[in-house]
Amino acid sequence: MDPRRRYKYWRLWISLLLAGLAGTVVVCTVIGPAAISPGEVLAILGRKLPGAGRFIARGDWPDSFETIVFQLRLARVVLAVLVGAGLAVAGVVLQGLLQNPLADPYILGISSGAALGATLAMLFGLGTHVLGIYAVPLVAFVGAVVTVVVVYTLARKGNRVPMATLLLAGIAIGSFLSALTSLAMITSGQNLQQVIFWLMGGLAGRGWDHVIVLLPYVFGGFILMYFSAHRLNVILLGEEAAQHLGIDVERLKLVMLGAATLVAAAAVAVSGVIGFVGLIIPHTVRMLVGPDHRVLLPAAALVGGIFLALADALARVVAAPEEIPVGVITAICGGPFFIYLLRRKKDAGI
Amino acid sequence: MPVTLKILGVECAYGATPVLHGVDFSVVKGSFTGIIGPNGSGKSTLMHCISRVLRPLRGTVLLDGNNLYNLHPGVVARKMAVVPQETAVNFAFSVAEVVMMGRSPHLHRFQLEGEKDYAVVSRMLALTDTLHLVDRPVTEISGGERQRVIIAKALAQEPEIILLDEPTAHLDISQQVAILGLLQRLNRELGLTVVGIFHDLNLAAEYCDSLILVQKGQVHAVGPPEMVLTAENIKAVYGAEVLVRQNPVTGRPAVMLAAGGGRPAVPRGRVHVVCGGGAGAALLGLLTRYGYLVSTGVLNIGDIDWEAARCLGLSLVEEAAFCPVSPERHQANLALIKQADACVMVNIPFGRGNLDNLAAVAQARAWGKPVLLVEEKVIEDRDFSGGQATVIYRDLVAKGALILRGEQAALTWLAQM
């Protein structure tokens, strides 16, 4: 009850998770097929730190090590953190808005819209002569956003958007687009492995340019969500109750759906459809820190980032030198863990 | 008296189905107003309309003189709180956190709750007797507790008006009384205006000082409970036969079921019942329900059997309260008996005042009509006429009147007649 105690508890969690994130980033950067020792990795990373960097002496490693650590590994770890954080906060917001524990960032058709876009780009070269190598992420992003806009418009009744209708419209449109994707794959018959890898989600070959594209979406979306945290709490009591507490519910829904859509669509555009992060992480974090969005959102972002970075590290090493899509790892970890959560769900509501 | 909510010519519809057709009424500041009416009469729609959920197609709702739907939702939320019938909370917020949400209309967007908000929350938890639940997850408390928590949340808004949609619908009688008692206290002590939908007419009569009776999307009657809750109004709106009496403790109207059930279309014959003092009310009801044309007399005005007979709409001979049966009334009674196919007398005591009723039964037998005497006590034990009643009664039995035990036996006998 005592507010100071509660805020202190929240700060403790966030500090712990921040430390955990820093540790995860370092550990995941150390992991990799090239024979670079952990000490060398730490030194290379340390030298990049502003301020402290100049006090660390350069060792006698080749220049390629710096490229591997900084350009390849670190960029990918940071990207994994951003994708994980983005999917987790989008999941938190959608579960809250839809009042549905099974909601995830893809439920309104983001994944199927993005998948169709990406498939068309990969198989039939949609947009490639204009956008070059950025065609796949851009077309996927546009596909995802257009899908959600269509779903939202379909579900709209007068000036209201009932959440149950939105959910059903999302599922219907999603199935329809998935069917089109399958059709495209069957008729094309080439580049199928590339498409399948994308559909399972992976971060192989991504770098800083992807980070730079994704960062504003995740950061901006998170800020928007965090500033609505209190209203997101109130809407958990039901839309009418929130309205009685003076909240413009339809506007809040529109803004939050927009934010979650942009974050998730951007994440999918750079990484493909990585499943389970946006479903599992919100549940897990709610159990740890409670349902209050003021702590739930930052904590979910951090845990999502940590989880996906670790999963991606695993994806890199588990079958080295081959890589498996990180979506396979998240699903393998996520499925059983979700069942475990359901079994002990009694303790924490949803 | 200052009006806080004014509903003017409101028409509402869900999609194409019109629900309210021109509703007008006012809620006085500081009143305890109940909205009553049968299922599907538009009570809940009316509540949605005045709680700023369902914008009326026509007409206006004024909150302290301003159009409710032009006000900012935040402004409305600081003035008016709403308690729905049931609140399903799916997320494990603690009771304190839920009640704290009631403070949100008073907080700026990025403002954290301050000392004042915690003080208000504690006060409302104490008022609603939920202080002991404060750290419990709201998903794990009972329905009655949760309803009190939701009321605490509404009170934490520090509203001037609280709207409740059947706030006690799923609660047992002690919980109902606890919650309505709380609302009454807040109404009397803090001047909180209470507007609630009530399903239970007696609870509404007990706690409200003004009632609005709604029927088919229109207001049928408005006023204090004793003016709205009349047998005529209830018959007209609910189609139910009731008896309205006064609660002896509170003086409020109390609604009781009368005859009940449908009556057979074909009348079964005429029966005259001699009764009084409440001994015959049940039999009058039963005979009516089984389809007999029932008459009764002579009954004193204000007598319980008299009230039952009036309520059942029976042919009746009445005499002024506490007066003995006058010769004219006696003749009128005989006239009714003459038309009857049978005469039933229940187990009543006789004194000089009603000896004529016994004489009337004797006349029925003399006319050759079947006479049934429902007897629980022998006549000697209920003869306060100095032995005259016993003489007539014994003579009646000697002349073929049947003594039966209980009303059911009389009904069975009549059915075989």
# chains A, B, ... in the order shown; residues from 1 in each chain; ligands from 1

call {"tool": "interface_residues", "arguments": {"of": "chain A", "to": "chain B", "cutoff": "8 Å", "atoms": "only C-alpha atoms", "output": "list in words"}}
result
Met1, Gln99, Phe227, Ser228, His230, Val234, Leu236, Leu237, Gly238, Glu240, Ala241, Gln243, His244, Leu245, Gly246, Ile247, Asp248, Gly290, Pro291, Asp292, Ala348, Gly349 and Ile350 of chain A

call {"tool": "residues_around", "arguments": {"residues": "Ala321 of chain B", "least_positions_apart": "3", "cutoff": "7 Å", "atoms": "only C-alpha atoms", "output": "ChimeraX atom specification"}}
result
/B:300-302

call {"tool": "write_last_selection", "arguments": {"atoms": "C-alpha atoms", "output": "mmCIF file, in the first residue's frame"}}
result
data_model
loop_
_atom_site.group_PDB
_atom_site.id
_atom_site.type_symbol
_atom_site.label_atom_id
_atom_site.label_comp_id
_atom_site.auth_asym_id
_atom_site.auth_seq_id
_atom_site.Cartn_x
_atom_site.Cartn_y
_atom_site.Cartn_z
ATOM 1 C CA ASN B 300 -64.976 -4.772 8.411
ATOM 2 C CA ILE B 301 -63.060 -2.183 6.418
ATOM 3 C CA GLY B 302 -59.341 -2.520 7.159
#

call {"tool": "atom_distance", "arguments": {"atom1": "atom CA of Ile196 of chain A", "atom2": "atom CA of Ser111 of chain A"}}
result
13.5 Å

call {"tool": "residues_around", "arguments": {"residues": "Leu164 of chain B", "least_positions_apart": "4", "cutoff": "12 Å", "atoms": "only C-alpha atoms", "output": "VMD selection string"}}
result
(chain A and resid 244) or (chain B and resid 32 to 35 43 to 44 46 to 48 50 to 51 80 to 86 147 150 to 151 154 to 155 168 to 169 179 to 180 183 193 to 199)

call {"tool": "residues_around", "arguments": {"residues": "Gln331 of chain B", "least_positions_apart": "3", "cutoff": "12 Å", "atoms": "only C-alpha atoms", "output": "list in words"}}
result
Gly297, Val298, Val317, Glu318, Val325, Ser326, Pro327, Glu328, Leu334, Ala335, Leu336, Ile337, Lys338, Asp356, Asn357, Ala359, Ala360 and Gln363 of chain B

call {"tool": "residues_around", "arguments": {"residues": "Pro105 of chain A", "least_positions_apart": "6", "cutoff": "6 Å", "atoms": "only C-alpha atoms", "output": "PDB file with C-alpha atoms, in the first residue's frame"}}
result
ATOM      1  CA  ALA A  90       3.544  -4.464 -28.278  1.00  0.00           C
ATOM      2  CA  GLY A  91       2.315  -7.713 -26.714  1.00  0.00           C
ATOM      3  CA  GLY A 278       5.256 -11.059 -27.695  1.00  0.00           C
TER       4      GLY A 278
END

call {"tool": "residues_around", "arguments": {"residues": "Arg58 of chain A", "least_positions_apart": "5", "cutoff": "9 Å", "atoms": "only C-alpha atoms", "output": "PDB file with C-alpha atoms, in the first residue's frame"}}
result
ATOM      1  CA  ALA A  43      38.693  -4.952 -24.418  1.00  0.00           C
ATOM      2  CA  ILE A  44      37.374  -4.237 -27.930  1.00  0.00           C
ATOM      3  CA  ARG A  47      37.578   0.773 -26.119  1.00  0.00           C
TER       4      ARG A  47
END

call {"tool": "atom_distance", "arguments": {"atom1": "atom CA of Asp209 of chain A", "atom2": "atom CA of Met185 of chain A"}}
result
28.4 Å

call {"tool": "select_by_dssp", "arguments": {"residues": "segment 101-251 of chain B", "states": "helix (DSSP H, G or I)", "output": "MDAnalysis selection string"}}
result
chainID B and resid 101 104:106 115:127 131:133 138:140 143:156 173:190 201:207 225:228 231:238
